[in-house]
>>> print(open('input_17.cif').read())   # mmCIF, C-alpha atoms and all ligand atoms
data_structure
#
loop_
_atom_site.label_atom_id
_atom_site.label_comp_id
_atom_site.auth_asym_id
_atom_site.auth_seq_id
_atom_site.Cartn_x
_atom_site.Cartn_y
_atom_site.Cartn_z
CA MET A 188 5.92 27.31 11.34
CA SER A 189 6.39 29.02 14.68
CA ALA A 190 9.94 30.07 15.47
CA SER A 191 9.27 29.91 19.20
CA ILE A 192 8.92 26.13 19.20
CA PRO A 193 12.27 24.60 20.17
CA ASP A 194 13.82 23.10 17.08
CA ILE A 195 14.34 19.47 18.09
CA LEU A 196 15.79 18.57 14.70
CA ALA A 197 18.61 21.10 15.08
CA ARG A 198 19.39 19.76 18.56
CA ILE A 199 19.48 16.19 17.33
CA VAL A 200 21.80 17.07 14.45
CA GLU A 201 24.12 18.83 16.89
CA VAL A 202 24.46 15.62 18.93
CA LYS A 203 24.92 13.59 15.73
CA ARG A 204 27.87 15.77 14.70
CA GLN A 205 29.61 14.94 17.97
CA GLU A 206 28.90 11.23 17.47
CA VAL A 207 30.27 11.38 13.92
CA ALA A 208 33.53 12.86 15.18
CA GLU A 209 33.91 9.97 17.66
CA LYS A 210 32.91 7.19 15.24
CA SER A 211 35.15 8.48 12.48
CA LYS A 212 38.19 7.41 14.50
CA LEU A 213 37.10 3.80 13.89
CA ARG A 214 36.45 4.26 10.18
CA ARG A 215 38.86 1.59 8.94
CA SER A 216 37.40 -1.22 11.02
CA ILE A 217 33.80 -0.09 10.41
CA GLU A 218 34.43 -0.10 6.68
CA GLN A 219 35.94 -3.57 6.89
CA SER A 220 32.87 -4.97 8.67
CA ALA A 221 30.65 -3.20 6.14
CA ASN A 222 32.43 -5.03 3.35
CA PHE A 223 32.04 -8.37 5.17
CA GLN A 224 28.26 -7.93 5.20
CA LYS A 225 27.97 -7.60 1.42
CA GLY A 226 25.94 -10.37 -0.15
CA GLN A 227 23.87 -10.75 3.05
CA ARG A 228 21.36 -7.98 2.36
CA ARG A 229 17.62 -8.52 2.20
CA ASP A 230 16.00 -6.53 -0.62
CA PHE A 231 13.99 -3.77 1.07
CA ARG A 232 12.47 -2.34 -2.11
CA GLN A 233 11.34 -5.75 -3.42
CA ALA A 234 9.88 -6.63 -0.02
CA LEU A 235 7.72 -3.48 -0.17
CA LEU A 236 6.62 -4.14 -3.75
CA LYS A 237 5.58 -7.70 -2.90
CA LYS A 238 2.88 -6.57 -0.43
CA GLN A 239 -0.22 -4.43 -0.80
CA PRO A 240 -0.44 -2.55 1.48
CA ALA A 241 3.19 -2.83 2.59
CA ILE A 242 3.56 -1.95 6.25
CA ILE A 243 7.03 -1.01 7.48
CA SER A 244 6.57 -1.78 11.16
CA GLU A 245 8.65 0.27 13.51
CA ILE A 246 10.46 -0.76 16.67
CA LYS A 247 10.77 2.37 18.80
CA LYS A 248 11.05 2.43 22.57
CA ALA A 249 10.51 6.17 23.01
CA SER A 250 10.32 9.41 21.06
CA PRO A 251 10.89 13.08 21.89
CA SER A 252 7.24 13.88 21.15
CA LYS A 253 5.56 10.97 22.99
CA GLY A 254 8.07 9.89 25.65
CA VAL A 255 8.34 6.18 26.47
CA LEU A 256 6.00 4.12 24.25
CA SER A 257 6.83 0.67 25.58
CA HIS A 258 7.67 -0.12 29.19
CA ASP A 259 8.56 -3.77 28.55
CA PHE A 260 10.56 -3.10 25.40
CA ASN A 261 11.76 -6.29 23.70
CA PRO A 262 12.96 -5.75 20.12
CA GLY A 263 13.25 -9.47 19.31
CA LEU A 264 9.70 -10.25 20.43
CA GLN A 265 8.35 -7.13 18.73
CA ALA A 266 10.02 -8.19 15.46
CA LYS A 267 8.50 -11.66 15.72
CA GLN A 268 5.02 -10.24 16.39
CA TYR A 269 5.35 -7.92 13.39
CA SER A 270 6.50 -10.74 11.17
CA GLU A 271 3.51 -12.87 12.23
CA GLY A 272 1.18 -9.95 11.55
CA GLY A 273 2.33 -9.68 7.93
CA ALA A 274 4.81 -6.78 8.04
CA ALA A 275 6.65 -6.12 4.75
CA ALA A 276 9.75 -4.80 6.52
CA LEU A 277 10.96 -3.52 9.88
CA SER A 278 12.19 -0.09 10.87
CA VAL A 279 14.36 0.07 13.99
CA LEU A 280 15.23 3.34 15.74
CA THR A 281 18.92 3.27 16.59
CA ASP A 282 19.31 6.77 18.04
CA LYS A 283 20.19 6.56 21.72
CA GLN A 284 19.74 9.99 23.20
CA PHE A 285 16.32 10.95 21.82
CA PHE A 286 14.67 7.58 21.02
CA GLN A 287 16.41 5.20 23.48
CA GLY A 288 17.38 2.90 20.63
CA SER A 289 20.62 1.15 19.64
CA LEU A 290 22.32 -0.75 16.86
CA SER A 291 22.06 -3.82 19.04
CA ASP A 292 18.23 -3.49 18.92
CA LEU A 293 18.55 -3.58 15.14
CA LYS A 294 20.77 -6.66 15.18
CA THR A 295 18.46 -8.47 17.61
CA ALA A 296 15.35 -7.67 15.56
CA ARG A 297 16.97 -8.71 12.30
CA ALA A 298 18.31 -11.98 13.73
CA THR A 299 14.81 -12.95 14.89
CA VAL A 300 12.96 -12.71 11.55
CA PHE A 301 13.50 -12.90 7.78
CA LEU A 302 12.35 -9.37 7.00
CA PRO A 303 14.55 -6.57 5.65
CA VAL A 304 15.40 -3.92 8.25
CA LEU A 305 15.59 -0.15 7.86
CA ARG A 306 18.01 1.62 10.16
CA LYS A 307 16.06 4.61 11.43
CA ASP A 308 18.45 7.35 12.47
CA PHE A 309 19.64 10.82 11.55
CA THR A 310 22.22 10.06 8.87
CA ILE A 311 24.50 13.02 8.22
CA ASP A 312 27.85 11.54 7.23
CA GLU A 313 29.50 8.71 5.30
CA ILE A 314 30.45 7.07 8.59
CA ASP A 315 26.74 6.63 9.43
CA VAL A 316 26.17 4.77 6.18
CA LEU A 317 29.21 2.55 6.76
CA GLU A 318 28.06 1.86 10.30
CA ALA A 319 24.57 0.88 9.11
CA ALA A 320 26.14 -1.44 6.53
CA ALA A 321 28.46 -2.93 9.17
CA SER A 322 25.54 -3.52 11.55
CA GLY A 323 23.62 -5.59 9.02
CA ALA A 324 20.96 -3.04 8.06
CA ASP A 325 19.25 -3.51 4.69
CA ALA A 326 18.17 0.10 4.23
CA ILE A 327 18.85 3.54 5.65
CA LEU A 328 16.81 6.69 6.11
CA LEU A 329 18.02 9.91 4.52
CA ILE A 330 16.18 13.01 5.79
CA ALA A 331 16.09 15.69 3.09
CA ALA A 332 15.61 18.51 5.62
CA ILE A 333 19.07 17.97 7.11
CA LEU A 334 21.04 17.21 3.91
CA SER A 335 21.86 19.12 0.73
CA ARG A 336 20.93 17.70 -2.68
CA GLU A 337 24.59 16.74 -3.19
CA GLU A 338 24.80 15.00 0.19
CA LEU A 339 21.55 13.13 -0.46
CA GLN A 340 22.89 11.84 -3.74
CA HIS A 341 26.32 11.01 -2.38
CA LEU A 342 25.06 9.12 0.69
CA ARG A 343 22.46 7.26 -1.37
CA GLU A 344 25.14 6.16 -3.85
CA LEU A 345 27.46 5.14 -1.03
CA ALA A 346 24.65 3.09 0.52
CA SER A 347 23.97 1.40 -2.76
CA ARG A 348 27.66 0.44 -3.08
CA PHE A 349 27.09 -1.59 0.10
CA GLU A 350 23.82 -2.95 -1.34
CA LEU A 351 21.61 -0.91 1.01
CA SER A 352 18.40 0.77 -0.14
CA SER A 353 17.70 4.37 0.82
CA LEU A 354 14.36 5.72 1.95
CA VAL A 355 14.52 9.46 1.32
CA GLU A 356 12.27 11.36 3.71
CA VAL A 357 10.55 14.63 2.81
CA HIS A 358 8.06 16.82 4.61
CA ASP A 359 7.46 19.72 2.23
CA GLU A 360 7.77 20.78 -1.44
CA GLU A 361 11.34 21.99 -1.05
CA ASP A 362 12.46 18.65 0.43
CA LEU A 363 10.61 16.81 -2.32
CA ASP A 364 12.31 18.73 -5.14
CA LYS A 365 15.66 18.02 -3.52
CA ALA A 366 14.85 14.31 -3.15
CA LEU A 367 13.74 14.00 -6.78
CA GLU A 368 16.81 15.86 -8.08
CA SER A 369 19.08 13.62 -6.01
CA GLY A 370 17.72 10.55 -7.82
CA ALA A 371 15.76 9.03 -4.91
CA GLU A 372 14.03 5.75 -5.78
CA ILE A 373 11.94 5.40 -2.63
CA ILE A 374 10.41 8.53 -1.12
CA GLY A 375 8.75 8.72 2.28
CA VAL A 376 6.54 11.63 3.23
CA ASN A 377 6.74 12.31 6.94
CA ASN A 378 3.38 13.54 8.17
CA ARG A 379 5.10 14.69 11.34
CA ASN A 380 6.94 17.95 11.00
CA LEU A 381 10.21 17.17 12.78
CA ARG A 382 10.59 20.80 13.78
CA THR A 383 7.16 21.34 15.33
CA PHE A 384 5.86 17.73 15.88
CA GLU A 385 2.56 18.62 14.20
CA VAL A 386 1.07 15.59 12.42
CA SER A 387 -1.24 15.78 9.42
CA LEU A 388 -2.00 13.09 6.83
CA GLU A 389 -2.74 15.93 4.41
CA THR A 390 1.01 16.39 4.03
CA SER A 391 1.21 12.98 2.33
CA GLU A 392 -1.78 13.71 0.14
CA ARG A 393 -0.43 17.07 -0.98
CA LEU A 394 3.06 15.82 -1.81
CA ALA A 395 1.97 12.57 -3.49
CA ALA A 396 0.36 14.65 -6.20
CA ARG A 397 3.79 16.06 -7.08
CA MET A 398 5.57 12.72 -7.38
CA PRO A 399 6.08 10.68 -10.55
CA ALA A 400 3.57 7.83 -10.85
CA SER A 401 6.40 5.30 -10.92
CA MET A 402 7.89 6.45 -7.59
CA LEU A 403 7.64 3.97 -4.70
CA LYS A 404 5.74 6.12 -2.21
CA VAL A 405 5.82 5.61 1.54
CA ALA A 406 3.56 7.50 3.96
CA GLU A 407 5.16 7.96 7.38
CA SER A 408 3.84 8.83 10.86
CA GLY A 409 0.42 9.42 12.34
CA ILE A 410 -1.13 6.28 10.84
CA HIS A 411 -3.49 4.65 13.35
CA SER A 412 -6.27 2.85 11.51
CA ARG A 413 -7.31 0.85 8.48
CA ALA A 414 -9.16 3.99 7.36
CA ASP A 415 -5.88 5.95 7.39
CA VAL A 416 -4.24 3.26 5.23
CA GLU A 417 -7.17 3.26 2.79
CA ARG A 418 -7.20 7.04 2.58
CA LEU A 419 -3.48 7.19 1.77
CA THR A 420 -3.69 4.24 -0.64
CA ALA A 421 -6.27 6.27 -2.56
CA SER A 422 -3.73 9.04 -3.04
CA GLY A 423 -1.10 6.69 -4.44
CA PHE A 424 0.81 5.36 -1.44
CA HIS A 425 1.98 1.79 -1.55
CA ALA A 426 3.83 1.54 1.76
CA PHE A 427 3.19 2.84 5.27
CA LEU A 428 5.60 3.41 8.12
CA VAL A 429 3.84 2.82 11.42
CA GLY A 430 5.40 3.15 14.86
CA GLU A 431 3.42 4.45 17.80
CA HIS A 432 0.15 2.67 16.98
CA LEU A 433 1.90 -0.72 16.91
CA MET A 434 4.29 -0.05 19.81
CA LYS A 435 1.43 0.90 22.11
CA SER A 436 -0.73 -2.08 21.19
CA ASN A 437 -1.06 -5.02 23.58
CA ASP A 438 -1.30 -7.29 20.54
CA PRO A 439 0.93 -5.92 17.75
CA THR A 440 0.21 -8.93 15.51
CA ALA A 441 -3.55 -8.30 15.59
CA ALA A 442 -3.07 -4.53 15.27
CA LEU A 443 -0.98 -5.05 12.15
CA LYS A 444 -3.46 -7.49 10.62
CA ALA A 445 -6.21 -4.92 11.18
CA LEU A 446 -4.20 -2.24 9.34
CA ILE A 447 -3.59 -4.61 6.42
CA GLY A 448 -7.30 -5.51 6.25
O1 LIG B 501 5.10 6.62 15.49
P1 LIG B 501 4.48 7.04 14.20
O2 LIG B 501 3.69 8.30 14.29
O3 LIG B 501 3.68 5.93 13.58
O4 LIG B 501 5.69 7.37 13.18
C1 LIG B 501 6.60 6.37 12.73
C2 LIG B 501 7.75 7.00 11.94
O5 LIG B 501 7.23 7.58 10.79
C3 LIG B 501 8.50 8.05 12.78
O6 LIG B 501 9.07 7.37 13.87
C4 LIG B 501 9.58 8.78 12.02
C5 LIG B 501 9.53 9.18 10.72
N1 LIG B 501 10.65 9.81 10.34
C6 LIG B 501 11.49 9.81 11.39
C7 LIG B 501 12.79 10.31 11.49
C8 LIG B 501 13.44 10.14 12.68
C9 LIG B 501 12.82 9.53 13.77
C10 LIG B 501 11.53 9.04 13.69
C11 LIG B 501 10.86 9.17 12.49
#
>>> encode(input="input_17.cif", output="structure tokens")
Amino acid sequence: MSASIPDILARIVEVKRQEVAEKSKLRRSIEQSANFQKGQRRDFRQALLKKQPAIISEIKKASPSKGVLSHDFNPGLQAKQYSEGGAAALSVLTDKQFFQGSLSDLKTARATVFLPVLRKDFTIDEIDVLEAAASGADAILLIAAILSREELQHLRELASRFELSSLVEVHDEEDLDKALESGAEIIGVNNRNLRTFEVSLETSERLAARMPASMLKVAESGIHSRADVERLTASGFHAFLVGEHLMKSNDPTAALKALIG
């Protein structure tokens, strides 16, 4: 990994720390809304297990590596098209500054379909988990590279108290060991290195070999074709997180059907 490449992940986390400080002032009311939403969750894990291959279809207006992906961004319509194409679940980017997303995108998407929804953001604090729960998310993302083993475990357990699933994201052996030790039940391998933006499906293949057979394995990023899905299925992946390929398509429903085969 080259040290000269600007470390986007560190910059994002810096912004998240400022947001956490702001949001924490509203903790009592956020926690109250989180409690109200209990009993309303859609089972993310079961939804993935029910489909083969299970495609977690992502709603993402823009990204730091690719810029704006969709110029007529419409999260409700996108959700509907994904649902019609056979998505197992949705992933909605809620980060504002780097991905141009919002919690209201998540609410709109979820209200339009019956699929469980993953809140895709950079979770670093309890308040983020409470906020996801309060916003009606069904699952959260926990990125191993920005959390300690203890934090991973603590935030996952907090999520589960609010009936949310956690997708624990890893991108190398060190992350994976941490994720396994923290008791992760769903592990996603990000083929995109969040520090350098390099994408390689080999990352998924390499790390899958080190995971228990019973682990629910998700391959994330850089998936563009039915051949990619087949290749990763062969190395033990059951679910696939796909963003750019579907966001850039003129017909997301057809694009999704083609990935499913
Ligand atoms: O657009 P892609 O290459 O299909 O990737 C989707 C998803 O994996 C990617 O958006 C992602 C994976 N982990 C993240 C963490 C934060 C933000 C974004 C991500």
>>> residues_near_ligand(input="input_17.cif", ligand="ligand LIG 501 (chain B)", cutoff="6 Å", atoms="only C-alpha atoms and all ligand atoms", output="PyMOL selection string")
chain A and resi 308+377+407-410+428-432
>>> closest_residue(input="input_17.cif", among="A:Ala221, A:Leu302, A:Ala366, A:Met402", to="A:Ser322", atoms="all atoms listed in the file")
A:Ala221
>>> residues_near_point(input="input_17.cif", point="(11.3, 13.3, 27.5)", cutoff="12 Å", atoms="all atoms listed in the file", output="PDB file with C-alpha atoms, keeping the file's coordinate frame")
ATOM      1  CA  ILE A 195      14.340  19.470  18.090  1.00  0.00           C
ATOM      2  CA  LYS A 248      11.050   2.430  22.570  1.00  0.00           C
ATOM      3  CA  ALA A 249      10.510   6.170  23.010  1.00  0.00           C
ATOM      4  CA  SER A 250      10.320   9.410  21.060  1.00  0.00           C
ATOM      5  CA  PRO A 251      10.890  13.080  21.890  1.00  0.00           C
ATOM      6  CA  SER A 252       7.240  13.880  21.150  1.00  0.00           C
ATOM      7  CA  LYS A 253       5.560  10.970  22.990  1.00  0.00           C
ATOM      8  CA  GLY A 254       8.070   9.890  25.650  1.00  0.00           C
ATOM      9  CA  VAL A 255       8.340   6.180  26.470  1.00  0.00           C
ATOM     10  CA  LEU A 256       6.000   4.120  24.250  1.00  0.00           C
ATOM     11  CA  GLN A 284      19.740   9.990  23.200  1.00  0.00           C
ATOM     12  CA  PHE A 285      16.320  10.950  21.820  1.00  0.00           C
ATOM     13  CA  PHE A 286      14.670   7.580  21.020  1.00  0.00           C
ATOM     14  CA  GLN A 287      16.410   5.200  23.480  1.00  0.00           C
TER      15      GLN A 287
END
>>> closest_residue(input="input_17.cif", among="A:Ile217, A:Val304, A:Ile373, A:Ile330", to="A:Ser244", atoms="only C-alpha atoms")
A:Val304
>>> residues_around(input="input_17.cif", residues="A:Tyr269", least_positions_apart="6", cutoff="9 Å", atoms="all atoms listed in the file", output="number ranges by chain")
A: 244-245, 275-277, 433, 439-440, 443
>>> atom_distance(input="input_17.cif", atom1="atom CA of A:Thr420", atom2="atom CA of A:Lys404")
9.7 Å
